[in-house]
>>> print(open('entry.cif').read())   # mmCIF, C-alpha atoms and all ligand atoms
data_model
loop_
_atom_site.group_PDB
_atom_site.id
_atom_site.type_symbol
_atom_site.label_atom_id
_atom_site.label_comp_id
_atom_site.auth_asym_id
_atom_site.auth_seq_id
_atom_site.Cartn_x
_atom_site.Cartn_y
_atom_site.Cartn_z
ATOM 1 C CA MET I 281 0.000 0.000 0.000
ATOM 2 C CA ASN I 282 1.579 3.231 -1.068
ATOM 3 C CA HIS I 283 0.719 6.703 0.022
ATOM 4 C CA SER I 284 -1.760 7.279 -2.750
ATOM 5 C CA THR I 285 -3.772 4.083 -2.093
ATOM 6 C CA GLN I 286 -3.743 4.744 1.625
ATOM 7 C CA TYR I 287 -5.087 8.177 0.887
ATOM 8 C CA ALA I 288 -7.651 6.730 -1.487
ATOM 9 C CA SER I 289 -8.935 4.216 1.058
ATOM 10 C CA ARG I 290 -9.128 6.881 3.706
ATOM 11 C CA ARG I 291 -11.137 8.937 1.287
ATOM 12 C CA MET I 292 -13.351 5.923 0.535
ATOM 13 C CA ALA I 293 -13.770 5.306 4.238
ATOM 14 C CA SER I 294 -14.746 8.854 4.834
ATOM 15 C CA TYR I 295 -17.091 8.752 1.853
ATOM 16 C CA SER I 296 -18.684 5.529 2.940
ATOM 17 C CA TYR I 297 -19.410 7.025 6.352
ATOM 18 C CA LYS I 298 -21.234 10.120 5.125
ATOM 19 C CA PRO I 299 -23.949 8.348 3.047
ATOM 20 C CA ARG I 300 -24.838 6.205 6.083
ATOM 21 C CA ARG I 301 -25.443 9.333 8.089
ATOM 22 C CA ARG I 302 -27.570 10.757 5.289
ATOM 23 C CA ARG I 303 -29.563 7.524 5.089
ATOM 24 C CA ASN I 304 -30.198 7.736 8.841
ATOM 25 C CA SER I 305 -31.473 11.297 8.687
ATOM 26 C CA ARG I 306 -33.637 10.384 5.689
ATOM 27 C CA LYS I 307 -35.124 7.494 7.682
ATOM 28 C CA LEU I 308 -35.776 9.858 10.572
ATOM 29 C CA ALA I 309 -37.490 12.358 8.257
ATOM 30 C CA VAL I 310 -39.687 9.614 6.765
ATOM 31 C CA ARG I 311 -40.610 8.478 10.284
ATOM 32 C CA VAL I 312 -41.503 12.056 11.310
ATOM 33 C CA ILE I 313 -43.639 12.516 8.200
ATOM 34 C CA ARG I 314 -45.391 9.176 8.809
ATOM 35 C CA LEU I 315 -46.087 10.067 12.429
ATOM 36 C CA SER I 316 -47.405 13.528 11.647
ATOM 37 C CA THR I 317 -49.605 12.124 8.861
ATOM 38 C CA LEU I 318 -51.029 9.633 11.346
ATOM 39 C CA ALA I 319 -51.575 12.391 13.895
ATOM 40 C CA LEU I 320 -53.305 14.562 11.278
ATOM 41 C CA LEU I 321 -55.537 11.682 10.205
ATOM 42 C CA GLY I 322 -56.367 11.087 13.845
ATOM 43 C CA VAL I 323 -57.384 14.719 14.374
ATOM 44 C CA MET I 324 -59.467 14.708 11.182
ATOM 45 C CA ALA I 325 -61.242 11.508 12.213
ATOM 46 C CA TYR I 326 -61.940 12.979 15.659
ATOM 47 C CA LEU I 327 -63.387 16.178 14.177
ATOM 48 C CA GLY I 328 -65.449 14.172 11.686
ATOM 49 C CA ILE I 329 -66.959 12.043 14.442
ATOM 50 C CA ARG I 330 -67.711 15.134 16.516
ATOM 51 C CA LEU I 331 -69.467 16.791 13.537
ATOM 52 C CA LEU I 332 -71.566 13.661 12.958
ATOM 53 C CA LEU I 333 -72.475 13.544 16.650
ATOM 54 C CA THR I 334 -73.471 17.235 16.610
ATOM 55 C CA LEU I 335 -75.673 16.689 13.555
ATOM 56 C CA SER I 336 -77.402 13.635 15.001
ATOM 57 C CA LEU I 337 -77.901 15.364 18.367
ATOM 58 C CA THR I 338 -79.399 18.378 16.609
ATOM 59 C CA ARG I 339 -81.695 16.078 14.664
ATOM 60 C CA GLU I 340 -82.824 14.367 17.866
ATOM 61 C CA SER I 341 -83.554 17.667 19.596
ATOM 62 C CA GLY I 342 -85.976 18.517 16.805
ATOM 63 C CA THR I 343 -84.133 21.251 14.916
ATOM 64 C CA SER I 344 -83.977 20.645 11.217
ATOM 65 C CA VAL I 345 -80.710 19.380 9.806
ATOM 66 C CA GLN I 346 -80.935 21.803 6.929
ATOM 67 C CA TRP I 347 -80.905 24.642 9.458
ATOM 68 C CA THR I 348 -77.765 23.259 11.105
ATOM 69 C CA LEU I 349 -75.922 22.937 7.840
ATOM 70 C CA GLU I 350 -76.928 26.421 6.762
ATOM 71 C CA SER I 351 -76.028 27.992 10.063
ATOM 72 C CA ASN I 352 -72.638 26.279 10.055
ATOM 73 C CA ALA I 353 -71.919 28.017 6.781
ATOM 74 C CA LEU I 354 -72.662 31.460 8.268
ATOM 75 C CA PRO I 355 -70.070 33.632 9.979
ATOM 76 C CA PRO I 356 -70.393 33.259 13.778
ATOM 77 C CA SER I 357 -71.387 36.924 14.242
ATOM 78 C CA ILE I 358 -74.780 36.343 12.590
ATOM 79 C CA PRO I 359 -77.444 34.916 14.927
ATOM 80 C CA GLN I 360 -78.154 31.349 13.847
ATOM 81 C CA ASP I 361 -81.920 31.550 13.568
ATOM 82 C CA GLU I 362 -82.261 35.213 12.711
ATOM 83 C CA SER I 363 -84.955 34.707 10.079
ATOM 84 C CA SER I 364 -87.339 33.074 12.562
ATOM 85 C CA ASP I 365 -88.213 36.268 14.442
ATOM 86 C CA TYR I 366 -89.009 38.082 11.213
ATOM 87 C CA LEU I 367 -92.304 36.203 11.483
ATOM 88 C CA LEU I 368 -92.927 36.802 15.193
ATOM 89 C CA LEU I 369 -96.571 37.615 15.752
ATOM 90 C CA VAL I 370 -97.262 40.579 17.996
ATOM 91 C CA ASN I 371 -100.885 41.714 17.950
ATOM 92 C CA PRO I 372 -103.603 42.563 20.514
ATOM 93 C CA TRP I 373 -103.717 38.870 21.527
ATOM 94 C CA ASN I 374 -100.016 38.082 21.366
ATOM 95 C CA SER I 375 -97.459 40.030 23.341
ATOM 96 C CA LEU I 376 -93.796 40.614 22.702
ATOM 97 C CA PRO I 377 -91.680 37.625 23.789
ATOM 98 C CA GLU I 378 -90.094 38.096 27.208
ATOM 99 C CA ASP I 379 -86.466 39.278 27.153
ATOM 100 C CA TYR I 380 -86.748 40.164 23.484
ATOM 101 C CA GLN I 381 -83.361 41.473 22.350
ATOM 102 C CA VAL I 382 -82.868 43.862 19.473
ATOM 103 C CA THR I 383 -79.822 45.537 17.937
ATOM 104 C CA LEU I 384 -80.742 48.954 16.604
ATOM 105 C CA THR I 385 -79.586 51.250 13.816
ATOM 106 C CA GLN I 386 -80.652 54.846 13.271
ATOM 107 C CA VAL I 387 -82.427 55.805 10.038
ATOM 108 C CA PRO I 388 -82.580 59.297 8.464
ATOM 109 C CA GLY I 389 -84.873 61.382 10.654
ATOM 110 C CA GLY I 390 -83.514 59.862 13.869
ATOM 111 C CA GLU I 391 -85.783 56.847 14.437
ATOM 112 C CA LEU I 392 -84.269 53.457 15.278
ATOM 113 C CA VAL I 393 -84.933 50.120 13.605
ATOM 114 C CA ASP I 394 -83.639 46.549 13.963
ATOM 115 C CA SER I 395 -80.211 46.741 12.312
ATOM 116 C CA ARG I 396 -81.025 43.789 10.077
ATOM 117 C CA ILE I 397 -83.821 45.660 8.283
ATOM 118 C CA TYR I 398 -81.903 48.903 7.792
ATOM 119 C CA GLN I 399 -80.701 48.105 4.263
ATOM 120 C CA PRO I 400 -83.954 46.696 2.823
ATOM 121 C CA LEU I 401 -85.830 49.618 4.402
ATOM 122 C CA MET I 402 -83.508 52.220 2.875
ATOM 123 C CA ASP I 403 -83.676 50.463 -0.505
ATOM 124 C CA MET I 404 -87.474 50.580 -0.343
ATOM 125 C CA LEU I 405 -87.628 54.241 0.679
ATOM 126 C CA GLU I 406 -85.174 55.186 -2.105
ATOM 127 C CA ALA I 407 -87.299 53.316 -4.631
ATOM 128 C CA ALA I 408 -90.434 55.058 -3.284
ATOM 129 C CA ARG I 409 -88.948 58.513 -3.897
ATOM 130 C CA GLU I 410 -90.323 58.684 -7.421
ATOM 131 C CA SER I 411 -93.922 58.431 -6.209
ATOM 132 C CA ASN I 412 -93.228 60.907 -3.392
ATOM 133 C CA LEU I 413 -92.460 64.036 -5.446
ATOM 134 C CA GLY I 414 -88.773 63.030 -5.449
ATOM 135 C CA ALA I 415 -88.460 63.251 -1.668
ATOM 136 C CA LEU I 416 -87.286 60.386 0.509
ATOM 137 C CA PRO I 417 -90.297 59.184 2.570
ATOM 138 C CA VAL I 418 -89.566 59.618 6.272
ATOM 139 C CA VAL I 419 -89.746 57.019 9.031
ATOM 140 C CA VAL I 420 -91.687 58.869 11.740
ATOM 141 C CA SER I 421 -91.858 55.919 14.129
ATOM 142 C CA GLY I 422 -89.585 52.903 14.316
ATOM 143 C CA TYR I 423 -88.535 50.992 17.406
ATOM 144 C CA ARG I 424 -90.449 51.796 20.582
ATOM 145 C CA THR I 425 -89.721 50.879 24.166
ATOM 146 C CA GLN I 426 -92.463 49.821 26.570
ATOM 147 C CA GLU I 427 -92.447 53.383 27.988
ATOM 148 C CA THR I 428 -92.741 55.085 24.587
ATOM 149 C CA GLN I 429 -95.652 52.825 23.684
ATOM 150 C CA GLN I 430 -97.415 53.763 26.943
ATOM 151 C CA GLU I 431 -96.883 57.484 26.266
ATOM 152 C CA ILE I 432 -98.302 57.184 22.750
ATOM 153 C CA LEU I 433 -101.368 55.337 24.030
ATOM 154 C CA ASP I 434 -101.961 57.859 26.835
ATOM 155 C CA GLN I 435 -101.698 60.688 24.321
ATOM 156 C CA LYS I 436 -104.262 59.063 22.027
ATOM 157 C CA ILE I 437 -106.674 58.493 24.950
ATOM 158 C CA GLU I 438 -106.284 62.181 25.901
ATOM 159 C CA GLU I 439 -107.199 63.160 22.331
ATOM 160 C CA TYR I 440 -110.469 61.211 22.496
ATOM 161 C CA LEU I 441 -111.243 62.497 25.979
ATOM 162 C CA SER I 442 -110.841 66.079 24.760
ATOM 163 C CA GLN I 443 -113.337 65.294 21.979
ATOM 164 C CA GLY I 444 -115.929 64.438 24.625
ATOM 165 C CA TYR I 445 -115.659 60.627 24.683
ATOM 166 C CA SER I 446 -116.185 58.848 28.004
ATOM 167 C CA SER I 447 -113.008 57.379 29.467
ATOM 168 C CA GLN I 448 -114.053 53.848 28.467
ATOM 169 C CA GLU I 449 -114.912 54.946 24.906
ATOM 170 C CA ALA I 450 -111.725 56.968 24.661
ATOM 171 C CA GLU I 451 -109.633 53.960 25.653
ATOM 172 C CA GLU I 452 -111.493 51.641 23.280
ATOM 173 C CA GLN I 453 -111.043 54.045 20.379
ATOM 174 C CA ALA I 454 -107.403 54.651 21.193
ATOM 175 C CA LEU I 455 -106.715 50.912 21.330
ATOM 176 C CA LEU I 456 -107.993 50.562 17.771
ATOM 177 C CA LEU I 457 -105.139 52.786 16.657
ATOM 178 C CA VAL I 458 -102.455 52.304 19.264
ATOM 179 C CA ALA I 459 -101.466 48.953 20.722
ATOM 180 C CA LYS I 460 -101.183 48.261 24.441
ATOM 181 C CA PRO I 461 -97.573 48.358 25.717
ATOM 182 C CA GLY I 462 -96.074 44.925 25.117
ATOM 183 C CA TYR I 463 -98.445 44.311 22.211
ATOM 184 C CA SER I 464 -96.977 46.638 19.590
ATOM 185 C CA GLU I 465 -94.975 45.433 16.622
ATOM 186 C CA HIS I 466 -92.943 48.613 16.979
ATOM 187 C CA GLN I 467 -91.375 47.052 20.079
ATOM 188 C CA LEU I 468 -89.841 44.390 17.819
ATOM 189 C CA GLY I 469 -87.948 47.026 15.841
ATOM 190 C CA LEU I 470 -89.308 45.393 12.690
ATOM 191 C CA ALA I 471 -92.152 47.858 12.054
ATOM 192 C CA VAL I 472 -92.090 51.421 10.762
ATOM 193 C CA ASP I 473 -94.581 54.225 10.237
ATOM 194 C CA ILE I 474 -93.791 56.029 7.010
ATOM 195 C CA ASN I 475 -94.673 59.612 6.220
ATOM 196 C CA GLY I 476 -95.125 60.544 2.573
ATOM 197 C CA GLU I 477 -95.548 63.932 0.890
ATOM 198 C CA VAL I 478 -98.501 62.640 -1.127
ATOM 199 C CA TYR I 479 -100.866 59.669 -0.918
ATOM 200 C CA ASP I 480 -99.301 58.165 -4.079
ATOM 201 C CA VAL I 481 -96.432 56.910 -1.974
ATOM 202 C CA TYR I 482 -98.811 54.689 0.024
ATOM 203 C CA THR I 483 -100.273 53.235 -3.158
ATOM 204 C CA TRP I 484 -96.727 52.554 -4.347
ATOM 205 C CA LEU I 485 -95.808 50.907 -1.035
ATOM 206 C CA MET I 486 -98.888 48.656 -1.086
ATOM 207 C CA GLU I 487 -97.895 47.372 -4.523
ATOM 208 C CA ASN I 488 -94.129 47.159 -4.109
ATOM 209 C CA SER I 489 -93.108 46.783 -0.465
ATOM 210 C CA TYR I 490 -93.033 42.954 -0.686
ATOM 211 C CA ARG I 491 -90.056 43.166 -3.045
ATOM 212 C CA TYR I 492 -88.095 44.547 -0.074
ATOM 213 C CA GLY I 493 -89.538 42.126 2.471
ATOM 214 C CA PHE I 494 -92.159 44.488 3.951
ATOM 215 C CA ILE I 495 -95.918 44.003 4.235
ATOM 216 C CA PHE I 496 -98.827 46.445 4.360
ATOM 217 C CA ARG I 497 -99.664 45.167 7.821
ATOM 218 C CA TYR I 498 -103.024 46.710 8.641
ATOM 219 C CA SER I 499 -105.393 46.635 5.708
ATOM 220 C CA GLY I 500 -108.921 47.829 6.468
ATOM 221 C CA GLU I 501 -110.162 44.511 5.074
ATOM 222 C CA LYS I 502 -108.337 42.539 7.767
ATOM 223 C CA THR I 503 -109.146 44.588 10.865
ATOM 224 C CA GLU I 504 -111.054 41.706 12.493
ATOM 225 C CA LEU I 505 -107.991 39.478 12.196
ATOM 226 C CA THR I 506 -105.305 42.022 13.040
ATOM 227 C CA GLY I 507 -107.261 43.930 15.671
ATOM 228 C CA ILE I 508 -105.992 47.213 14.221
ATOM 229 C CA SER I 509 -107.805 49.677 11.946
ATOM 230 C CA GLN I 510 -106.392 50.421 8.519
ATOM 231 C CA GLU I 511 -102.988 52.094 8.730
ATOM 232 C CA VAL I 512 -101.564 52.875 5.314
ATOM 233 C CA TRP I 513 -98.361 54.162 6.865
ATOM 234 C CA HIS I 514 -97.440 51.089 8.929
ATOM 235 C CA TYR I 515 -95.087 48.551 7.353
ATOM 236 C CA ARG I 516 -93.692 45.394 8.911
ATOM 237 C CA TYR I 517 -90.634 43.462 7.830
ATOM 238 C CA VAL I 518 -91.154 39.705 7.401
ATOM 239 C CA GLY I 519 -88.510 38.862 4.758
ATOM 240 C CA VAL I 520 -88.903 38.812 0.990
ATOM 241 C CA GLU I 521 -90.123 35.228 0.725
ATOM 242 C CA ALA I 522 -92.965 35.537 3.240
ATOM 243 C CA ALA I 523 -93.870 39.053 2.064
ATOM 244 C CA THR I 524 -94.145 37.891 -1.547
ATOM 245 C CA GLU I 525 -96.400 34.994 -0.573
ATOM 246 C CA MET I 526 -98.641 37.236 1.551
ATOM 247 C CA TYR I 527 -98.844 39.856 -1.206
ATOM 248 C CA GLU I 528 -99.637 37.348 -3.950
ATOM 249 C CA GLN I 529 -102.260 35.511 -1.902
ATOM 250 C CA GLY I 530 -103.711 38.584 -0.194
ATOM 251 C CA LEU I 531 -102.991 37.284 3.308
ATOM 252 C CA CYS I 532 -102.345 39.231 6.472
ATOM 253 C CA LEU I 533 -99.683 37.932 8.876
ATOM 254 C CA GLU I 534 -102.269 36.174 11.070
ATOM 255 C CA GLU I 535 -103.654 34.301 8.043
ATOM 256 C CA TYR I 536 -100.198 33.505 6.748
ATOM 257 C CA LEU I 537 -99.235 31.970 10.086
ATOM 258 C CA GLY I 538 -102.439 29.958 9.969
ATOM 259 C CA LEU I 539 -103.830 31.566 13.082
ATOM 260 C CA ASN I 540 -107.220 32.935 13.771
ATOM 261 C CA THR I 541 -106.535 35.076 16.772
ATOM 262 C CA ALA I 542 -109.637 37.232 16.663
ATOM 263 C CA ALA I 543 -111.740 36.926 19.792
HETATM 264 ZN ZN ZN Z 601 -97.105 51.737 13.303
#
>>> encode(input="entry.cif", output="structure tokens", more="lines below")
Ligand SMILES: [Zn+2]
Amino acid sequence: MNHSTQYASRRMASYSYKPRRRRNSRKLAVRVIRLSTLALLGVMAYLGIRLLLTLSLTRESGTSVQWTLESNALPPSIPQDESSDYLLLVNPWNSLPEDYQVTLTQVPGGELVDSRIYQPLMDMLEAARESNLGALPVVVSGYRTQETQQEILDQKIEEYLSQGYSSQEAEEQALLLVAKPGYSEHQLGLAVDINGEVYDVYTWLMENSYRYGFIFRYSGEKTELTGISQEVWHYRYVGVEAATEMYEQGLCLEEYLGLNTAA
């Protein structure tokens, strides 16, 4: 063995050592990848089982599965069953639900409405401009608290008293126009009284409000069912689908909900 072969074998020895080390680290990497894949699969299986359990539990508790799937697709900030209270019935025989919560937004003119109806309401009022001499119809009454509703009723009773009605008659007459506190749709934040420059705007609203999800709530033809005299200015949000159905079939909310609440 001369110097050069000794050198060569040393080189070979050193070369043969390095690949072994590389093979070891490759094996380690493969093992790490395998383990993390297994862990990932485990987590996915766990989440899948949990989702299935949630769905079957929801189904057992009576909520529709379709609702669950839809609500899962919504951002968490949106209440899960927000469309259900668009159809809440508040009339002289049905009071506001206890602990009713509402998030409010101010409309031009200063009144407040349920934030969810702000956009459809503004779209409707903008569209109504044309039939209102170019002016934006004004919301003169939106959301009311229990106290505001009481004040409005007291004021109306006073009006009848000053016209010479007995106190019983005055109250009866007032209640045909103003709901008892706790029994006004205005307390939902989903109803508005609209002031137009001309009557044309009310005709326009009766024919077109459903496109924006609002209904002409108190038609004179339905007073026995609604308990309220005709109010051309009062509009209630129920959502486009329900509003369209009520408009096309000529139903008031009580009829649409399949209820005959008249005493
Ligand atoms: Zn009203």
>>> residues_near_ligand(input="entry.cif", ligand="ligand ZN 601 (chain Z)", cutoff="9 Å", atoms="all atoms listed in the file", output="PDB file with C-alpha atoms, keeping the file's coordinate frame")
ATOM      1  CA  SER I 421     -91.858  55.919  14.129  1.00  0.00           C
ATOM      2  CA  GLY I 422     -89.585  52.903  14.316  1.00  0.00           C
ATOM      3  CA  LEU I 457    -105.139  52.786  16.657  1.00  0.00           C
ATOM      4  CA  VAL I 458    -102.455  52.304  19.264  1.00  0.00           C
ATOM      5  CA  SER I 464     -96.977  46.638  19.590  1.00  0.00           C
ATOM      6  CA  GLU I 465     -94.975  45.433  16.622  1.00  0.00           C
ATOM      7  CA  HIS I 466     -92.943  48.613  16.979  1.00  0.00           C
ATOM      8  CA  ALA I 471     -92.152  47.858  12.054  1.00  0.00           C
ATOM      9  CA  VAL I 472     -92.090  51.421  10.762  1.00  0.00           C
ATOM     10  CA  ASP I 473     -94.581  54.225  10.237  1.00  0.00           C
ATOM     11  CA  ILE I 474     -93.791  56.029   7.010  1.00  0.00           C
ATOM     12  CA  ARG I 497     -99.664  45.167   7.821  1.00  0.00           C
ATOM     13  CA  GLU I 511    -102.988  52.094   8.730  1.00  0.00           C
ATOM     14  CA  TRP I 513     -98.361  54.162   6.865  1.00  0.00           C
ATOM     15  CA  HIS I 514     -97.440  51.089   8.929  1.00  0.00           C
ATOM     16  CA  TYR I 515     -95.087  48.551   7.353  1.00  0.00           C
ATOM     17  CA  ARG I 516     -93.692  45.394   8.911  1.00  0.00           C
TER      18      ARG I 516
END
>>> atom_distance(input="entry.cif", atom1="CA of Leu441 in chain I", atom2="CA of Pro372 in chain I")
22.0 Å
>>> resolve_selection(input="entry.cif", expression="the PyMOL selection byres (((chain I and resi 483) around 12) and not hetatm)", output="PyMOL selection string")
chain I and resi 408+411-412+476+478-482+484-489+496+512-513
>>> residues_around(input="entry.cif", residues="Glu438 in chain I", least_positions_apart="4", cutoff="8 Å", atoms="all atoms listed in the file", output="tab-separated table (two decimals) with C-alpha atoms, in the coordinates of the input")
chain	number	residue	atom	x	y	z
I	434	ASP	CA	-101.96	57.86	26.84
I	442	SER	CA	-110.84	66.08	24.76
I	450	ALA	CA	-111.72	56.97	24.66
>>> closest_residue(input="entry.cif", among="I:Gly500, I:Gly444, I:Gly507, I:Pro417", to="Lys460 in chain I", atoms="only C-alpha atoms")
I:Gly507
>>> closest_residue(input="entry.cif", among="I:Tyr492, I:Val420, I:Asp365, I:Pro377", to="Glu406 in chain I", atoms="only C-alpha atoms")
I:Tyr492
>>> residues_around(input="entry.cif", residues="Ser375 in chain I", least_positions_apart="2", cutoff="12 Å", atoms="only C-alpha atoms", output="PDB file with C-alpha atoms, in the frame of the given file")
ATOM      1  CA  LEU I 368     -92.927  36.802  15.193  1.00  0.00           C
ATOM      2  CA  LEU I 369     -96.571  37.615  15.752  1.00  0.00           C
ATOM      3  CA  VAL I 370     -97.262  40.579  17.996  1.00  0.00           C
ATOM      4  CA  ASN I 371    -100.885  41.714  17.950  1.00  0.00           C
ATOM      5  CA  PRO I 372    -103.603  42.563  20.514  1.00  0.00           C
ATOM      6  CA  TRP I 373    -103.717  38.870  21.527  1.00  0.00           C
ATOM      7  CA  PRO I 377     -91.680  37.625  23.789  1.00  0.00           C
ATOM      8  CA  GLU I 378     -90.094  38.096  27.208  1.00  0.00           C
ATOM      9  CA  ASP I 379     -86.466  39.278  27.153  1.00  0.00           C
ATOM     10  CA  TYR I 380     -86.748  40.164  23.484  1.00  0.00           C
ATOM     11  CA  GLN I 426     -92.463  49.821  26.570  1.00  0.00           C
ATOM     12  CA  ALA I 459    -101.466  48.953  20.722  1.00  0.00           C
ATOM     13  CA  LYS I 460    -101.183  48.261  24.441  1.00  0.00           C
ATOM     14  CA  PRO I 461     -97.573  48.358  25.717  1.00  0.00           C
ATOM     15  CA  GLY I 462     -96.074  44.925  25.117  1.00  0.00           C
ATOM     16  CA  TYR I 463     -98.445  44.311  22.211  1.00  0.00           C
ATOM     17  CA  SER I 464     -96.977  46.638  19.590  1.00  0.00           C
ATOM     18  CA  GLU I 465     -94.975  45.433  16.622  1.00  0.00           C
ATOM     19  CA  HIS I 466     -92.943  48.613  16.979  1.00  0.00           C
ATOM     20  CA  GLN I 467     -91.375  47.052  20.079  1.00  0.00           C
ATOM     21  CA  LEU I 468     -89.841  44.390  17.819  1.00  0.00           C
TER      22      LEU I 468
END
>>> axis_aligned_box(input="entry.cif", around="range 397-409 of chain I", padding_each_side="8 Å", output="JSON")
{"center_x": -85.6, "center_y": 52.1, "center_z": 1.8, "size_x": 25.7, "size_y": 28.9, "size_z": 28.9}
>>> atom_distance(input="entry.cif", atom1="CA of Gly519 in chain I", atom2="CA of Tyr423 in chain I")
17.5 Å
>>> decode(input="entry.cif", residues="range 413-460 of chain I", atoms="C-alpha atoms", output="tab-separated table (two decimals), in the first residue's frame")
chain	number	residue	atom	x	y	z
I	413	LEU	CA	-92.46	64.04	-5.45
I	414	GLY	CA	-88.77	63.03	-5.45
I	415	ALA	CA	-88.46	63.25	-1.67
I	416	LEU	CA	-87.29	60.39	0.51
I	417	PRO	CA	-90.30	59.18	2.57
I	418	VAL	CA	-89.57	59.62	6.27
I	419	VAL	CA	-89.75	57.02	9.03
I	420	VAL	CA	-91.69	58.87	11.74
I	421	SER	CA	-91.86	55.92	14.13
I	422	GLY	CA	-89.59	52.90	14.32
I	423	TYR	CA	-88.54	50.99	17.41
I	424	ARG	CA	-90.45	51.80	20.58
I	425	THR	CA	-89.72	50.88	24.17
I	426	GLN	CA	-92.46	49.82	26.57
I	427	GLU	CA	-92.45	53.38	27.99
I	428	THR	CA	-92.74	55.09	24.59
I	429	GLN	CA	-95.65	52.82	23.68
I	430	GLN	CA	-97.41	53.76	26.94
I	431	GLU	CA	-96.88	57.48	26.27
I	432	ILE	CA	-98.30	57.18	22.75
I	433	LEU	CA	-101.37	55.34	24.03
I	434	ASP	CA	-101.96	57.86	26.84
I	435	GLN	CA	-101.70	60.69	24.32
I	436	LYS	CA	-104.26	59.06	22.03
I	437	ILE	CA	-106.67	58.49	24.95
I	438	GLU	CA	-106.28	62.18	25.90
I	439	GLU	CA	-107.20	63.16	22.33
I	440	TYR	CA	-110.47	61.21	22.50
I	441	LEU	CA	-111.24	62.50	25.98
I	442	SER	CA	-110.84	66.08	24.76
I	443	GLN	CA	-113.34	65.29	21.98
I	444	GLY	CA	-115.93	64.44	24.63
I	445	TYR	CA	-115.66	60.63	24.68
I	446	SER	CA	-116.19	58.85	28.00
I	447	SER	CA	-113.01	57.38	29.47
I	448	GLN	CA	-114.05	53.85	28.47
I	449	GLU	CA	-114.91	54.95	24.91
I	450	ALA	CA	-111.72	56.97	24.66
I	451	GLU	CA	-109.63	53.96	25.65
I	452	GLU	CA	-111.49	51.64	23.28
I	453	GLN	CA	-111.04	54.04	20.38
I	454	ALA	CA	-107.40	54.65	21.19
I	455	LEU	CA	-106.72	50.91	21.33
I	456	LEU	CA	-107.99	50.56	17.77
I	457	LEU	CA	-105.14	52.79	16.66
I	458	VAL	CA	-102.45	52.30	19.26
I	459	ALA	CA	-101.47	48.95	20.72
I	460	LYS	CA	-101.18	48.26	24.44
